[in-house]
>>> print(open('structure_34.txt').read())   # compact mmCIF, C-alpha atoms
# COMPACT_ATOMS: atom_id res chain seq x y z
CA MET A 1 71.36 -61.19 168.88
CA PRO A 2 73.33 -61.49 165.62
CA ARG A 3 73.02 -64.86 163.90
CA LEU A 4 75.38 -66.57 161.50
CA PRO A 5 74.45 -66.29 157.82
CA VAL A 6 73.19 -69.55 156.33
CA GLU A 7 76.41 -70.21 154.42
CA TRP A 8 78.42 -69.92 157.64
CA ARG A 9 76.17 -72.04 159.89
CA PHE A 10 78.69 -74.87 159.57
CA LEU A 11 80.88 -72.92 162.02
CA ARG A 12 78.87 -74.51 164.85
CA THR A 13 79.95 -77.95 163.64
CA ALA A 14 83.46 -76.61 163.05
CA TRP A 15 83.61 -75.54 166.68
CA ILE A 16 82.94 -79.13 167.83
CA HIS A 17 85.71 -80.32 165.51
CA ALA A 18 87.98 -77.63 166.98
CA CYS A 19 87.05 -78.79 170.48
CA VAL A 20 88.20 -82.31 169.62
CA LEU A 21 91.44 -80.90 168.16
CA THR A 22 92.28 -78.56 171.05
CA GLY A 23 90.64 -80.34 173.99
CA ASP A 24 89.46 -77.01 175.35
CA ASP A 25 86.35 -74.85 174.77
CA GLU A 26 88.07 -71.49 174.75
CA ALA A 27 90.98 -72.69 172.60
CA ALA A 28 88.43 -74.15 170.19
CA THR A 29 86.73 -70.77 169.78
CA GLY A 30 90.11 -69.12 169.16
CA LEU A 31 91.04 -71.76 166.57
CA VAL A 32 87.73 -71.31 164.74
CA GLU A 33 88.17 -67.52 164.75
CA SER A 34 91.72 -67.65 163.39
CA THR A 35 90.68 -70.15 160.70
CA LEU A 36 87.77 -67.88 159.85
CA GLU A 37 90.21 -65.02 159.29
CA THR A 38 92.37 -67.21 157.03
CA VAL A 39 89.48 -68.46 154.90
CA ALA A 40 87.67 -65.11 154.71
CA ALA A 41 90.90 -63.43 153.51
CA ARG A 42 91.03 -65.59 150.40
CA ARG A 43 90.31 -63.59 147.29
CA ASP A 44 89.43 -66.38 144.90
CA PRO A 45 85.71 -66.90 144.29
CA MET A 46 84.42 -70.19 145.69
CA SER A 47 81.19 -72.03 146.23
CA ALA A 48 79.72 -72.46 149.72
CA ARG A 49 80.54 -76.18 149.57
CA ARG A 50 84.17 -75.56 148.66
CA ARG A 51 84.48 -72.88 151.34
CA ARG A 52 83.21 -75.31 153.95
CA ARG A 53 85.63 -78.04 152.83
CA LEU A 54 88.47 -75.52 152.79
CA PHE A 55 87.54 -74.36 156.27
CA PHE A 56 87.70 -77.87 157.72
CA ALA A 57 90.96 -78.56 155.90
CA ASN A 58 92.49 -75.39 157.40
CA LEU A 59 91.13 -76.28 160.82
CA TYR A 60 92.66 -79.75 160.51
CA ARG A 61 96.06 -78.37 159.49
CA ALA A 62 96.01 -75.79 162.29
CA GLY A 63 95.05 -78.34 164.94
CA ILE A 64 97.05 -81.37 163.88
CA ASP A 65 100.15 -80.54 165.92
CA LEU A 66 98.46 -79.14 169.01
CA PRO A 67 99.39 -80.96 172.22
CA ARG A 68 96.90 -83.47 173.66
CA LEU A 69 95.49 -82.33 176.99
CA ASP A 70 95.35 -85.06 179.61
CA GLY A 71 92.70 -83.57 181.79
CA CYS A 72 90.25 -82.40 179.19
CA ALA A 73 86.62 -82.85 180.06
CA GLY A 74 83.47 -83.19 178.02
CA GLY A 75 82.12 -85.77 175.61
CA PHE A 76 85.00 -85.26 173.21
CA SER A 77 87.74 -86.45 175.58
CA ALA A 78 88.02 -89.92 174.00
CA PHE A 79 88.20 -88.43 170.51
CA HIS A 80 90.78 -85.85 171.53
CA HIS A 81 93.43 -88.50 172.18
CA LEU A 82 93.01 -90.35 168.86
CA GLU A 83 95.74 -90.22 166.24
CA GLU A 84 95.32 -88.17 163.09
CA PRO A 85 94.08 -88.38 160.39
CA GLY A 86 91.62 -90.91 161.85
CA ARG A 87 90.50 -88.49 164.56
CA THR A 88 89.41 -85.79 162.14
CA ALA A 89 88.01 -88.28 159.60
CA LEU A 90 85.82 -89.97 162.21
CA VAL A 91 84.64 -86.73 163.82
CA LEU A 92 83.72 -85.22 160.45
CA LEU A 93 81.87 -88.42 159.54
CA TYR A 94 79.91 -88.40 162.80
CA LEU A 95 79.17 -84.68 162.56
CA ARG A 96 78.14 -85.06 158.89
CA ALA A 97 80.23 -81.93 158.44
CA VAL A 98 81.27 -82.76 154.88
CA PRO A 99 80.14 -85.60 152.60
CA PRO A 100 82.14 -88.84 153.09
CA ASP A 101 83.81 -88.49 149.68
CA GLU A 102 85.26 -85.10 150.73
CA ILE A 103 86.64 -86.26 154.08
CA ALA A 104 89.73 -87.70 152.35
CA ASP A 105 90.32 -84.29 150.73
CA VAL A 106 90.10 -82.53 154.09
CA VAL A 107 92.74 -84.77 155.67
CA GLY A 108 94.88 -84.73 152.52
CA ARG A 109 94.68 -88.47 151.83
CA HIS A 110 93.54 -90.51 148.87
CA GLU A 111 89.91 -91.61 148.95
CA ARG A 112 91.11 -95.22 148.66
CA GLU A 113 92.77 -94.94 152.07
CA LEU A 114 89.67 -93.66 153.87
CA PRO A 115 88.09 -97.05 154.81
CA ASP A 116 91.30 -98.15 156.55
CA ILE A 117 91.72 -94.75 158.25
CA LEU A 118 88.18 -94.88 159.62
CA ALA A 119 88.42 -98.54 160.64
CA SER A 120 91.66 -97.86 162.57
CA ALA A 121 90.13 -94.82 164.25
CA ARG A 122 87.03 -96.78 165.31
CA SER A 123 89.20 -99.56 166.65
CA ALA A 124 91.44 -97.15 168.59
CA LEU A 125 88.44 -95.31 169.97
CA GLU A 126 86.81 -98.54 171.10
CA LYS A 127 90.00 -99.60 172.91
CA SER A 128 90.25 -96.25 174.68
CA LEU A 129 86.75 -96.49 176.13
CA PRO A 130 86.24 -98.01 179.58
CA ALA A 131 85.11 -101.65 179.31
CA ALA A 132 81.36 -102.13 179.64
CA PRO A 133 80.35 -103.69 182.96
CA MET B 1 80.88 -105.89 144.10
CA THR B 2 82.68 -108.39 146.30
CA PRO B 3 81.77 -108.65 150.01
CA ARG B 4 85.20 -107.23 150.96
CA THR B 5 84.75 -104.20 148.63
CA ALA B 6 81.27 -103.70 150.02
CA ARG B 7 82.63 -103.79 153.57
CA ARG B 8 85.22 -101.10 152.71
CA LEU B 9 82.48 -98.90 151.26
CA LEU B 10 80.35 -99.37 154.39
CA ALA B 11 83.30 -98.32 156.57
CA CYS B 12 82.86 -94.81 155.14
CA HIS B 13 79.14 -94.71 155.83
CA TYR B 14 77.43 -93.15 158.82
CA GLU B 15 73.67 -93.35 158.76
CA ASP B 16 71.69 -90.26 157.96
CA SER B 17 69.69 -88.70 160.81
CA ALA B 18 66.62 -88.98 158.58
CA GLY B 19 67.31 -92.66 157.90
CA HIS B 20 68.09 -92.06 154.23
CA VAL B 21 70.48 -94.66 152.81
CA PRO B 22 72.22 -94.02 149.45
CA GLY B 23 71.68 -96.66 146.76
CA ASN B 24 75.28 -97.87 146.72
CA VAL B 25 75.29 -98.25 150.51
CA SER B 26 72.11 -100.33 150.61
CA LYS B 27 73.49 -102.49 147.80
CA ALA B 28 76.76 -102.92 149.71
CA ALA B 29 74.82 -103.84 152.85
CA ARG B 30 72.99 -106.56 150.91
CA VAL B 31 76.28 -107.91 149.57
CA VAL B 32 77.87 -107.95 153.03
CA GLU B 33 74.90 -109.90 154.44
CA LYS B 34 76.05 -112.88 152.35
CA ASP B 35 79.20 -113.17 154.46
CA SER B 36 78.35 -113.87 158.11
CA GLU B 37 81.70 -112.61 159.47
CA LEU B 38 81.59 -109.33 157.53
CA ALA B 39 77.88 -108.91 158.31
CA GLY B 40 78.56 -109.23 162.04
CA ASP B 41 81.44 -106.81 161.77
CA TYR B 42 79.22 -104.28 159.99
CA ARG B 43 76.47 -104.59 162.61
CA ARG B 44 79.03 -103.91 165.34
CA GLN B 45 80.12 -100.81 163.39
CA LEU B 46 76.54 -99.60 163.18
CA ASP B 47 76.05 -99.98 166.95
CA PHE B 48 79.36 -98.32 167.73
CA ASP B 49 78.71 -95.43 165.32
CA ARG B 50 75.27 -94.76 166.81
CA ARG B 51 76.77 -94.61 170.29
CA MET B 52 79.85 -92.52 169.46
CA GLY B 53 78.15 -90.35 166.86
CA GLY B 54 75.50 -89.54 169.43
CA ALA B 55 78.16 -88.58 171.95
CA VAL B 56 79.82 -86.17 169.51
CA SER B 57 76.59 -84.50 168.49
CA GLU B 58 75.65 -84.00 172.14
CA ILE B 59 78.66 -81.78 172.79
CA GLN B 60 77.24 -78.53 174.09
CA LEU B 61 78.09 -75.30 172.26
CA PRO B 62 78.85 -72.27 174.44
CA PRO B 63 75.69 -70.15 174.65
CA ASP B 64 77.38 -67.07 173.21
CA LEU B 65 79.28 -68.91 170.45
CA GLU B 66 77.02 -68.02 167.55
CA GLU B 67 76.88 -64.38 168.58
CA ARG B 68 80.66 -64.23 168.96
CA LEU B 69 81.35 -65.88 165.59
CA ALA B 70 78.72 -63.74 163.85
CA GLY B 71 80.40 -60.63 165.30
CA LYS B 72 83.80 -61.87 164.17
CA LEU B 73 82.47 -62.54 160.68
CA ALA B 74 80.93 -59.08 160.51
CA SER B 75 84.18 -57.45 161.62
CA LEU B 76 86.28 -59.07 158.88
CA PRO B 77 87.00 -56.78 155.93
CA ARG B 78 84.67 -57.45 153.04
CA HIS B 79 86.44 -58.48 149.92
CA LYS B 80 85.29 -56.32 147.02
CA PRO B 81 86.11 -57.57 143.55
CA GLY B 82 88.59 -55.22 141.87
CA LEU B 83 90.71 -55.12 138.75
CA ARG B 84 93.64 -56.59 140.67
CA ASP B 85 91.75 -59.78 141.39
CA PRO B 86 93.26 -62.61 139.36
CA ALA B 87 89.80 -63.80 138.36
CA ILE B 88 88.60 -60.34 137.28
CA LEU B 89 91.93 -59.72 135.54
CA ALA B 90 91.65 -63.00 133.65
CA VAL B 91 88.10 -62.14 132.53
CA ALA B 92 89.21 -58.65 131.45
CA ILE B 93 92.16 -60.00 129.43
CA GLY B 94 89.94 -62.67 127.89
CA GLY B 95 87.37 -60.05 126.90
CA PHE B 96 90.02 -57.80 125.41
CA LEU B 97 91.48 -60.68 123.38
CA LEU B 98 88.01 -61.64 122.15
CA VAL B 99 87.29 -58.08 121.00
CA ALA B 100 90.74 -57.91 119.34
CA LEU B 101 90.09 -61.18 117.53
CA ILE B 102 86.72 -60.01 116.28
CA ALA B 103 88.22 -56.68 115.15
CA TRP B 104 91.04 -58.48 113.33
CA GLN B 105 88.57 -60.80 111.63
CA ALA B 106 86.35 -57.90 110.61
CA ALA B 107 88.89 -55.25 109.66
CA GLY B 108 92.50 -56.27 109.81
CA ARG B 109 92.38 -59.49 107.88
CA PRO B 110 93.88 -59.25 104.38
CA ALA B 111 91.20 -59.08 101.69
CA THR B 112 90.57 -62.02 99.48
CA ALA B 113 90.61 -61.59 95.71
CA SER B 114 87.40 -62.31 93.83
CA PRO B 115 87.24 -65.36 91.50
CA GLU B 116 87.40 -63.26 88.28
CA ILE B 117 90.56 -61.49 89.50
CA THR B 118 92.09 -64.81 90.47
CA LEU B 119 91.37 -66.07 86.94
CA VAL B 120 93.07 -63.03 85.36
CA ALA B 121 96.04 -63.52 87.69
CA GLU B 122 96.36 -67.18 86.71
CA GLU B 123 96.39 -66.30 83.00
CA VAL B 124 98.88 -63.46 83.32
CA LEU B 125 101.30 -65.23 85.64
CA GLY B 126 101.26 -68.19 83.26
CA MET B 127 102.57 -66.07 80.37
CA ASP B 128 106.19 -66.76 79.53
CA GLY B 129 108.55 -64.09 78.18
CA ALA B 130 107.95 -64.97 74.50
CA GLY B 131 105.44 -62.17 73.71
CA PHE B 132 107.21 -59.50 75.76
CA GLU B 133 109.29 -56.65 74.39
CA ARG B 134 111.91 -54.84 76.38
CA VAL B 135 110.80 -51.21 76.85
CA ALA B 136 112.61 -49.71 79.89
CA LEU B 137 110.21 -46.76 80.31
CA PRO B 138 108.48 -45.12 83.26
CA LEU B 139 104.94 -46.43 83.60
CA ASP B 140 103.40 -43.00 82.97
CA ALA B 141 105.26 -42.83 79.63
CA MET B 142 103.86 -46.10 78.34
CA ALA B 143 100.76 -44.64 76.66
CA ASP B 144 102.36 -44.13 73.22
CA TRP B 145 104.02 -47.53 73.19
CA LEU B 146 100.76 -49.18 74.14
CA VAL B 147 98.80 -47.31 71.44
CA LEU B 148 101.26 -48.64 68.87
CA GLN B 149 100.49 -52.16 70.15
CA GLY B 150 96.74 -51.54 69.78
CA PHE B 151 95.96 -50.71 73.41
CA GLU B 152 94.12 -47.42 73.78
CA GLY B 153 92.76 -45.54 76.75
CA PHE B 154 95.84 -45.81 79.01
CA PRO B 155 95.28 -43.01 81.58
CA GLU B 156 97.71 -40.16 82.12
CA ASN B 157 97.56 -40.31 85.88
CA MET B 158 98.80 -43.47 87.54
CA PRO B 159 97.45 -44.91 90.80
CA GLU B 160 99.44 -43.61 93.77
CA HIS B 161 101.37 -46.82 94.45
CA LEU B 162 102.53 -47.05 90.80
CA ARG B 163 103.57 -43.41 90.32
CA ASP B 164 107.33 -44.11 90.23
CA ALA B 165 107.17 -47.52 88.62
CA LEU B 166 109.53 -48.41 85.77
CA VAL B 167 108.51 -50.93 83.13
CA ASP B 168 111.13 -53.46 82.12
CA ALA B 169 109.21 -55.37 79.47
CA ALA B 170 105.64 -55.31 78.22
CA ALA B 171 103.18 -57.17 76.03
CA VAL B 172 99.64 -56.60 74.81
CA ASP B 173 97.26 -59.52 74.44
CA ALA B 174 93.50 -59.94 74.31
CA MET B 175 91.14 -60.59 77.17
CA GLY B 176 87.54 -61.35 76.23
CA GLY B 177 87.83 -59.39 72.97
CA SER B 178 89.48 -56.33 74.57
CA PRO B 179 93.23 -55.61 74.59
CA ARG B 180 95.10 -56.13 77.81
CA ALA B 181 98.52 -54.69 78.74
CA VAL B 182 100.87 -56.88 80.75
CA MET B 183 104.03 -55.23 82.12
CA ASP B 184 106.94 -56.56 84.13
CA LEU B 185 108.07 -53.83 86.53
CA ALA B 186 111.75 -53.18 87.06
CA GLY B 187 113.44 -54.25 90.28
CA GLY B 188 111.21 -57.29 90.69
CA GLU B 189 108.29 -55.11 91.74
CA GLY B 190 105.86 -57.54 90.18
CA ARG B 191 103.78 -57.99 87.06
CA LEU B 192 101.20 -55.31 86.28
CA VAL B 193 98.08 -55.97 84.24
CA VAL B 194 96.02 -53.10 82.86
CA PHE B 195 92.67 -53.80 81.27
CA PRO B 196 89.32 -52.04 80.67
CA ALA B 197 87.12 -51.88 83.75
CA LYS B 198 84.06 -52.79 81.71
CA GLY B 199 82.34 -55.72 83.40
CA MET B 200 84.36 -55.17 86.58
CA GLU B 201 82.24 -52.39 88.04
CA ASP B 202 81.31 -54.50 91.06
CA VAL B 203 84.90 -55.40 91.88
CA ALA B 204 86.14 -53.21 94.73
CA GLU B 205 89.70 -51.93 95.04
CA PHE B 206 91.92 -53.79 97.48
CA THR B 207 95.48 -53.87 98.71
CA ASP B 208 97.68 -56.92 99.22
CA ALA B 209 94.92 -59.48 98.92
CA GLN B 210 96.21 -63.02 99.34
CA LEU B 211 95.93 -64.94 96.09
CA TRP B 212 97.92 -68.03 96.97
CA ALA B 213 100.43 -68.82 99.67
CA ASN B 214 103.19 -66.81 97.97
CA ARG B 215 101.24 -64.31 95.85
CA THR B 216 99.42 -61.12 96.69
CA ALA B 217 97.47 -58.74 94.48
CA THR B 218 96.69 -55.02 94.64
CA LEU B 219 93.84 -53.71 92.54
CA ALA B 220 93.21 -50.05 91.74
CA LYS B 221 90.94 -48.33 89.23
CA LYS B 222 91.90 -45.25 87.31
CA GLY B 223 89.54 -43.76 84.72
CA ALA B 224 88.14 -46.65 82.73
CA MET B 225 91.09 -48.90 83.45
CA VAL B 226 91.84 -51.52 86.10
CA PHE B 227 95.42 -51.79 87.39
CA LEU B 228 96.15 -55.19 88.86
CA LEU B 229 99.61 -55.58 90.38
CA LEU B 230 100.67 -59.15 91.09
CA ARG B 231 103.60 -59.80 93.42
>>> encode(input="structure_34.txt", output="structure tokens")
Amino acid sequence: MPRLPVEWRFLRTAWIHACVLTGDDEAATGLVESTLETVAARRDPMSARRRRRLFFANLYRAGIDLPRLDGCAGGFSAFHHLEEPGRTALVLLYLRAVPPDEIADVVGRHERELPDILASARSALEKSLPAAP
Amino acid sequence: MTPRTARRLLACHYEDSAGHVPGNVSKAARVVEKDSELAGDYRRQLDFDRRMGGAVSEIQLPPDLEERLAGKLASLPRHKPGLRDPAILAVAIGGFLLVALIAWQAAGRPATASPEITLVAEEVLGMDGAGFERVALPLDAMADWLVLQGFEGFPENMPEHLRDALVDAAAVDAMGGSPRAVMDLAGGEGRLVVFPAKGMEDVAEFTDAQLWANRTATLAKKGAMVFLLLR
């Protein structure tokens, strides 16, 4: 069974991010594959770290306008309905996909804005969860 | 760090799976502990993050995902660096410019006159017209006139670049005990100095060496004489 090279192992994490963006397993795989084509086609030399950040930034841009699915299942349902850029910022933080200081870059915001973005996302996520008995 | 700044920093923190806490985060946590409201808020964040972070990381990947993505990655055309790559092109241009610069420094740069030639040039260019006589002769016909002035040994053959030169006015003076011929060339072609090459054996010929900002010198040797043209 072919395995992903070490520098592309982050694609597993990227798939979870894509799942949150699309709300659907199969659509997530398609989104990761199309983003993979975009990033792999770039001709400029880049480090593994930059490639990973670029990948998540492309994934974010490709998924930002996708419609929210009402009936989506799985553990990512609550995340799926959050507003951007908080949704992506919080998911990337929880997945430890990129270092916290690079999350702002991925969502195209200033680092100064990140605490408020994350706080709003946590608050919105908490409100969307069913109240504890 | 104020408690409010510390709280903002902690909002961007999600604890490491190995329990490692960066120095600035642990410092911020200590600062926040001084404010009971912020400390409680941070503890609620920690609980919430553990719960929700756990839920995200438990999302199951499709069993064939890695195989599918690895196949996709393998099927993508490999990018081979070529001359059309901007990065390779930039390196190639940079290398070419570096080689060109080194070549210009080594070969193309105008020669610099030696100190003894510069000294001769200073003396000769400082001469006013008082000692000069009008001659109006071709340079290769100056031998007789120069002999009459006490300058002997003027060669019959002129250096190539002076073959057609006409002398407007000339003077003979002494340089270190030997006679020296100084000639103003017609048409503003410069001032020519001819003197014995004795003691100048080590001085190499050169063309258009920069003397000062507005002066160049060309030095040629013919027989036992040095021809120094100052422009």
>>> closest_atom_pairs(input="structure_34.txt", of="chain A", to="chain B", cutoff="7 Å", atoms="all atoms listed in the file", output="JSON lines")
{"residue": "A:Met1", "atom": "CA", "partner": "B:Glu67", "partner_atom": "CA", "distance": 6.4}
{"residue": "A:Pro2", "atom": "CA", "partner": "B:Glu67", "partner_atom": "CA", "distance": 5.5}
{"residue": "A:Arg3", "atom": "CA", "partner": "B:Ala70", "partner_atom": "CA", "distance": 5.8}
{"residue": "A:Leu4", "atom": "CA", "partner": "B:Ala70", "partner_atom": "CA", "distance": 5.0}
{"residue": "A:Arg43", "atom": "CA", "partner": "B:His79", "partner_atom": "CA", "distance": 6.9}
{"residue": "A:Gly75", "atom": "CA", "partner": "B:Ile59", "partner_atom": "CA", "distance": 6.0}
{"residue": "A:Phe76", "atom": "CA", "partner": "B:Val56", "partner_atom": "CA", "distance": 6.4}
{"residue": "A:Leu93", "atom": "CA", "partner": "B:Tyr14", "partner_atom": "CA", "distance": 6.5}
{"residue": "A:Tyr94", "atom": "CA", "partner": "B:Gly53", "partner_atom": "CA", "distance": 4.8}
{"residue": "A:Leu95", "atom": "CA", "partner": "B:Ser57", "partner_atom": "CA", "distance": 6.5}
{"residue": "A:Pro100", "atom": "CA", "partner": "B:Cys12", "partner_atom": "CA", "distance": 6.4}
{"residue": "A:Pro115", "atom": "CA", "partner": "B:Ala11", "partner_atom": "CA", "distance": 5.3}
{"residue": "A:Leu118", "atom": "CA", "partner": "B:Ala11", "partner_atom": "CA", "distance": 6.7}
{"residue": "A:Ala119", "atom": "CA", "partner": "B:Ala11", "partner_atom": "CA", "distance": 6.5}
>>> atom_distance(input="structure_34.txt", atom1="atom CA of Gly188 of chain B", atom2="atom CA of Leu229 of chain B")
11.7 Å
>>> residues_around(input="structure_34.txt", residues="segment 131-143 of chain B", least_positions_apart="3", cutoff="12 Å", atoms="all atoms listed in the file", output="PyMOL selection string")
chain B and resi 124+127-128+146-173+181-187+191-194+227
>>> closest_residue(input="structure_34.txt", among="A:Arg68, A:Arg61, A:Arg109, A:Arg49", to="Glu7 of chain A", atoms="only C-alpha atoms")
A:Arg49
>>> residues_around(input="structure_34.txt", residues="Trp8 of chain A", least_positions_apart="2", cutoff="9 Å", atoms="only C-alpha atoms", output="VMD selection string")
(chain A and resid 4 to 6 10 to 12 48 52) or (chain B and resid 70 73)
>>> atom_distance(input="structure_34.txt", atom1="atom CA of Ile117 of chain A", atom2="atom CA of Gly86 of chain A")
5.3 Å
>>> residues_around(input="structure_34.txt", residues="Asp70 of chain A", least_positions_apart="6", cutoff="9 Å", atoms="all atoms listed in the file", output="list of chain:residue names")
A:Gly23, A:Ser77, A:His81
>>> write_last_selection(input="structure_34.txt", atoms="C-alpha atoms", output="mmCIF file, in the coordinates of the input")
data_model
loop_
_atom_site.group_PDB
_atom_site.id
_atom_site.type_symbol
_atom_site.label_atom_id
_atom_site.label_comp_id
_atom_site.auth_asym_id
_atom_site.auth_seq_id
_atom_site.Cartn_x
_atom_site.Cartn_y
_atom_site.Cartn_z
ATOM 1 C CA GLY A 23 90.640 -80.340 173.990
ATOM 2 C CA SER A 77 87.740 -86.450 175.580
ATOM 3 C CA HIS A 81 93.430 -88.500 172.180
#
>>> atom_distance(input="structure_34.txt", atom1="atom CA of Ser178 of chain B", atom2="atom CA of Ala204 of chain B")
20.7 Å
>>> closest_residue(input="structure_34.txt", among="B:Leu38, B:Val21, B:Leu98, B:Leu46", to="Arg122 of chain A", atoms="only C-alpha atoms")
B:Leu46
>>> closest_residue(input="structure_34.txt", among="A:Cys19, A:Glu126, A:Leu92, A:Pro99", to="Pro22 of chain B", atoms="all atoms listed in the file")
A:Pro99
>>> closest_residue(input="structure_34.txt", among="A:Val107, A:Ala14, A:Leu90, A:Val32", to="Ala57 of chain A", atoms="all atoms listed in the file")
A:Val107
>>> residues_around(input="structure_34.txt", residues="segment 64-66 of chain A", least_positions_apart="6", cutoff="8 Å", atoms="only C-alpha atoms", output="PyMOL selection string")
chain A and resi 21-22+84
